[in-house]
Amino acid sequence: MSRHEVTAVDGRSVGVGAQVRFEDRTWQVTALVDGRVYLAAGDGATGCVLAARLVAADGFEVVGRAAPQVPAAAVWADVPLPARERAMAWLRHIREVETGLPGGPGSGGVPRPEYDPQVFTLAEREHAKAKELAGRGWTKVSRPTVQRMRLAYQRQGLLGLVDKRSLRASSPTGRTDERVVAAVLEALRVRRGRSKTTTVQVIELAEQIVAQTHGKGRVTLPARSSLYRLVKALADPAEPPGSPARTATGPDGAGGTAPALRPAERVHVATARLGIEAVGEDGRAVAVSVTCALDGATGCVLAAVLHPQQAAPVELSVLLAEMAVPRTARPGWREMLRAAHEALPLPQRLMPLDARIEAAVARPAALPQTLVFDPAAAAVTPWFLAVCESLGVSLEAAPVRRRGLHRVAGETVQTLGGLFTRHCADLAGARGVVHPSDSAGRQAEAFFSLPHLRDVLDEWITARWHTRPQQALRHPLLPKAALGPQEMWRVLLGVAGSVPVPLSGQDFAELLPVQRQAVTESGIRLGGRRYDHECLDEHRGRARPTTDDGRWEVHHHPYDMRQIYIRLPDGLLHEIPWTEHAHALRPFDDAVRRRTGQILAARSDPPGHPPPAGGGPEREAGAPVPEPGEQGLVADPQPSGGTPWVPDGTGQAGTLWDAWAEAEQW
C-alpha cells in the first residue's frame with residue numbers, strides 16, 4: 001500500500017492522514033487502494049470499507065473541517081443585486097486572507113507576497129487587506145472590518161458577507177426596477193475599457209437598451225440623480241467608468257484545457273436525443289432526450305435526467321443535486337425504488353431489488369471541481385452561481401468554435417443514448433409489444449411513460465453502462481485492456497489519494513428549483529397533482545407570516561413528480577409525497593394508460609375520417625394500434641350517429657377487453 005500526501009483542506013475531498021467520523025467512531029485514513037479506504041482507530045482497531053459506501057454513510061463527517069453549505073434560494077433571491085455583487089467581491093478577498101489565493105486552495109497560482117501564509121500571520125494579512133481595499137476606494141474598511149467579515153463567512157457562509165441593511169423590508173416603490181438594473185449592468189459591460197467613457201454616456205446607453213428591449217415608454221426610468229447613484233453602486237470599484245480594462249496575461253492563458261486526471265475534477269454536461277418516444281402527461285407521444293453529467297476522467301455518469309425534447313433547458317442546479325447527493329442519502333429513495341421496481345416483472349429487470357440497492361450504494365457520487373456546460377443547453381440562474389461560489393465549484397462554458405474535450409463528452413453521451421434506445425426496443429419486444437413502424441423507422445405507438453422510462457434508464461446505467469468496458473478508458477501502455485467506468489473510478493481513487501466528498505441528503509432538496517405555493521385544506525397543488533402529508537395539518541389554509549403573498553417555499557424536481565419539499569417554520573425542508581404516486585408505476589395502470597392514450601388520439605380525429613389501419617407516415621404517433629393478441633376496443637360513437645371505428649379495421653365491433661388475458665402477462 002502506498003502513502004499519499006494529505007489533500008489540501010478545501011472541504012471537497014479527504015486524503016490520507018485525515019480524521020473522519022464513521023459508525024460513531026473517529027478514524028484516521030491510512031491508505032487508499034483500488035477504491036477502498038483503510039481506516040485506523042485510536043484504540044488500535046483497523047478497518048477497510050468501499051470509498052463510495054464510506055462517504056455516503058449516515059453520520060459520516062470529516063473531523064475539523066466545516067462542511068460546505070448551500071445558501072437558501074429564497075433568502076438569496078431577496079438580496080438586492082448590488083449587495084450580492086459586493087458579497088461576491090468580499091468572498092475573493094476573504095479567501096485570499098485565509099489561504100493566500102483569491103480562488104481558494106487548489107485554484108492555482110502563487111500567493112502575493114503580502115498574503116503568503118508561510119510568511120505573515122493572519123492578523124498581518126488582515127491588516128494588509130484593509131490597507132489594499134482602502135487604497136482601492138472602499139470606504140470604512142479597517143482591519144477589524146476584515147476580521148468581522150472573515151468570521152461571519154465562517155459562521156454563515158456567503159450570506160454572512162451580505163450587508164444586513166439590504167435584507168430589511170422596504171417599500172416596493174423605493175426599489176429600482178430590475179429591468180433598469182439589468183440595462184445599467186449591460187451598459188457598464190459594453191463601455192468597459194474605454195478610457196473616455198463617462199457616467200452620462202453609461203446612463204444614455206442604458207436608456208437606449210431599455211427602449212430597445214422592452215419598448216419605448218414601457219419601463220418607467222428613475223430620475224437622473226437616482227441613475228447616477230445606481231451606476232456608482234453597480235460599477236466595480238476597481239474599474240469605474242472611464243478606467244482602462246484589466247486584462248489577464250500570463251502562462252495560464254495560453255494553450256488548451258488539460259484533461260482530467262482525478263475523479264470529479266472535470267464534469268461535462270451534454271445532451272443527446274433518444275430514438276424512442278414516450279407518453280407525455282397529455283397522453284400523446286413525445287420525443288425525449290437525455291442530459292448527462294459525465295465525469296471526464298472515468299466516464300461515469302454522475303447524473304442523468306430524461307426530459308422531452310421541447311422542454312426548457314435543464315437547470316444545472318438539478319444536475320448538481322443528482323450528482324452530488326448519493327441516492328441512498330436522499331429522503332424516501334428506498335421506498336420510491338421499491339414502488340418503481342414493481343412496474344416491470346423480474347424477468348425484464350436487469351437485477352433484483354436487493355442487488356440494485358447494493359449497486360446504488362457503490363455508484364459514484366461527488367461534488368465536481370469544475371462543471372463544463374453548453375450555455376445553449378443548460379440554464380444558469382443567479383442563485384446557482386451563488387451556490388457554486390459557496391461550494392467551491394468552478395463553472396466553465398464550453399467554447400463555441402473549439403470545444404475540445406467537451407465535444408468528446410458529447411459524442412460519448414450520444415453513444416449512451418443509442419445503446420439505451422436499443423435496450424428499450426429489446427425490452428418492448430421481450431414483453432410482446434411490437435408495433436408496425438412508419439416510413440422513418442420509428443414505432444407507431446409510444447410504449448413507455450416518462451416515469452417508466454426514467455426508472456429503466458437509472459437501472460440500465462447502474463447495471464450496464466458503468467460495467468461496460470469502453471475503448472476511451474485504456475492506458476496508453478495497455479491498448480488492448482479496456483476498463484469500465486466504475487473500474488476506472490476505483491483505479492483513479494487509489495492513484496489520486498483522495499475521495500470526493502458528496503453533499504448530504506438535506507442538500508438534495510435545497511438545490512432543487514423553488515416555487516411559491518399555497519397550502520390548502522386538501523394539501524398542495526403543483527402541476528395538476530396534489531401532494532399531502534400529516535405535517536401540513538397545522539398549516540392548512542394558513543398563510544406563511546414571513547412572506548408578502550402568504551405562500552410557502554416549495555422545492556420540486558422538474559422531472560420527478562413523486563414528491564416535493566416544503567420549508568416549514570422550523571426552517572427544515574420536509575418531503576411531501578404525491579397522493580397518487582402508486583398509480584405512476586403499477587403494472588395494470590400501464591395498460592390503462594395506453595388505452596387512455598388511444599381514446600385521446602381517436603377523439604382528436606375529425607368525424608367521418610377514421611385513422612388508417614396501416615403504419616403509413618400519415619398516421620399520428622399516438623394513433624390507436626391493436627397489439628398482438630389484444631381484442632379490439634370500440635371507440636366513442638361519432639357525433640353523426642355513424643358506425644363507430646374499430647381499431648382492427650374489420651368494420652365490426654370488437655369484444656370486451658379480456659382482463660384475465662392481460663393479467664397473465666404479470
# chains A, B, ... in the order shown; residues from 1 in each chain; ligands from 1
>>> select_by_dssp(residues="stretch 333-420 of chain A", states="helix (DSSP H, G or I)", output="PyMOL selection string")
chain A and resi 333-341+346-348+353-362+382-391+405-420
>>> residues_around(residues="A:Leu536", least_positions_apart="4", cutoff="10 Å", atoms="only C-alpha atoms", output="PyMOL selection string")
chain A and resi 519-524+532+540-541+566+568+574+576
>>> write_last_selection(atoms="C-alpha atoms", output="mmCIF file, in the first residue's frame")
data_model
loop_
_atom_site.group_PDB
_atom_site.id
_atom_site.type_symbol
_atom_site.label_atom_id
_atom_site.label_comp_id
_atom_site.auth_asym_id
_atom_site.auth_seq_id
_atom_site.Cartn_x
_atom_site.Cartn_y
_atom_site.Cartn_z
ATOM 1 C CA VAL A 519 -51.220 25.180 1.479
ATOM 2 C CA THR A 520 -54.960 24.466 1.196
ATOM 3 C CA GLU A 521 -57.225 22.126 3.122
ATOM 4 C CA SER A 522 -56.509 19.383 0.574
ATOM 5 C CA GLY A 523 -52.732 19.875 0.543
ATOM 6 C CA ILE A 524 -50.518 21.451 -2.116
ATOM 7 C CA ASP A 532 -50.336 15.896 1.064
ATOM 8 C CA ARG A 540 -53.727 24.089 6.158
ATOM 9 C CA GLY A 541 -55.470 27.183 4.878
ATOM 10 C CA ILE A 566 -41.765 22.384 1.695
ATOM 11 C CA LEU A 568 -41.926 24.747 7.413
ATOM 12 C CA HIS A 574 -39.978 18.269 4.675
ATOM 13 C CA ILE A 576 -44.484 15.743 0.844
#
>>> residues_around(residues="stretch 498-512 of chain A", least_positions_apart="5", cutoff="6 Å", atoms="only C-alpha atoms", output="JSON, numbers by chain")
{"A": [12, 13, 14, 15, 317, 318, 321, 324, 325, 329, 330, 366, 367, 555, 556, 557]}
>>> write_last_selection(atoms="N, CA, C and O atoms", output="compact mmCIF listing (two decimals), in the first residue's frame")
# COMPACT_ATOMS: atom_id res chain seq x y z
N ARG A 12 -13.81 19.45 -0.04
CA ARG A 12 -14.40 18.66 -1.11
C ARG A 12 -13.79 17.27 -1.22
O ARG A 12 -14.21 16.49 -2.05
N SER A 13 -12.75 16.95 -0.47
CA SER A 13 -12.13 15.64 -0.55
C SER A 13 -11.44 15.34 0.77
O SER A 13 -11.20 16.22 1.59
N VAL A 14 -11.16 14.08 0.98
CA VAL A 14 -10.46 13.63 2.18
C VAL A 14 -9.33 12.73 1.73
O VAL A 14 -9.53 11.81 0.94
N GLY A 15 -8.13 12.99 2.20
CA GLY A 15 -6.96 12.23 1.77
C GLY A 15 -6.36 11.44 2.91
O GLY A 15 -6.90 11.36 4.03
N SER A 317 -28.71 23.34 -11.47
CA SER A 317 -28.89 23.02 -10.06
C SER A 317 -29.50 21.64 -9.87
O SER A 317 -29.18 20.92 -8.91
N VAL A 318 -30.38 21.22 -10.79
CA VAL A 318 -30.97 19.88 -10.72
C VAL A 318 -29.89 18.82 -10.96
O VAL A 318 -29.81 17.81 -10.26
N ALA A 321 -27.68 18.56 -7.91
CA ALA A 321 -28.30 17.77 -6.85
C ALA A 321 -28.24 16.28 -7.15
O ALA A 321 -28.02 15.46 -6.24
N ALA A 324 -24.27 15.22 -6.79
CA ALA A 324 -23.55 15.48 -5.56
C ALA A 324 -24.16 14.81 -4.34
O ALA A 324 -23.54 14.81 -3.28
N VAL A 325 -25.36 14.27 -4.44
CA VAL A 325 -26.02 13.63 -3.30
C VAL A 325 -26.22 12.15 -3.62
O VAL A 325 -26.88 11.83 -4.61
N ALA A 329 -28.83 8.50 0.27
CA ALA A 329 -28.99 9.57 1.25
C ALA A 329 -30.19 10.45 0.98
O ALA A 329 -30.52 11.30 1.81
N ARG A 330 -30.86 10.29 -0.15
CA ARG A 330 -31.99 11.14 -0.49
C ARG A 330 -33.23 10.70 0.30
O ARG A 330 -33.46 9.51 0.48
N ALA A 366 -20.34 12.63 -6.30
CA ALA A 366 -19.29 13.56 -5.86
C ALA A 366 -19.67 14.97 -6.25
O ALA A 366 -20.45 15.20 -7.17
N LEU A 367 -19.11 15.92 -5.52
CA LEU A 367 -19.24 17.33 -5.84
C LEU A 367 -18.14 17.70 -6.83
O LEU A 367 -16.96 17.55 -6.53
N HIS A 555 -39.89 23.27 -2.90
CA HIS A 555 -38.85 22.79 -3.81
C HIS A 555 -39.38 21.55 -4.52
O HIS A 555 -39.96 20.65 -3.88
N HIS A 556 -39.14 21.46 -5.82
CA HIS A 556 -39.65 20.32 -6.59
C HIS A 556 -38.64 19.93 -7.66
O HIS A 556 -37.86 20.76 -8.14
N HIS A 557 -38.65 18.65 -8.00
CA HIS A 557 -37.82 18.11 -9.07
C HIS A 557 -38.61 18.22 -10.37
O HIS A 557 -39.68 17.63 -10.50
>>> residues_around(residues="A:Tyr38", least_positions_apart="4", cutoff="8 Å", atoms="only C-alpha atoms", output="PyMOL selection string")
chain A and resi 29-32+46-49
>>> closest_atom_pairs(of="stretch 435-516 of chain A", to="stretch 409-430 of chain A", cutoff="9 Å", atoms="only C-alpha atoms", output="JSON lines")
{"residue": "A:Phe447", "atom": "CA", "partner": "A:Ala428", "partner_atom": "CA", "distance": 7.5}
{"residue": "A:Phe448", "atom": "CA", "partner": "A:Ala428", "partner_atom": "CA", "distance": 8.7}
{"residue": "A:Leu453", "atom": "CA", "partner": "A:Cys424", "partner_atom": "CA", "distance": 8.5}
{"residue": "A:Val456", "atom": "CA", "partner": "A:Cys424", "partner_atom": "CA", "distance": 8.2}
{"residue": "A:Leu457", "atom": "CA", "partner": "A:Phe420", "partner_atom": "CA", "distance": 7.3}
{"residue": "A:Trp460", "atom": "CA", "partner": "A:Phe420", "partner_atom": "CA", "distance": 7.5}
{"residue": "A:Ile461", "atom": "CA", "partner": "A:Phe420", "partner_atom": "CA", "distance": 8.7}
{"residue": "A:Trp465", "atom": "CA", "partner": "A:Leu416", "partner_atom": "CA", "distance": 7.7}
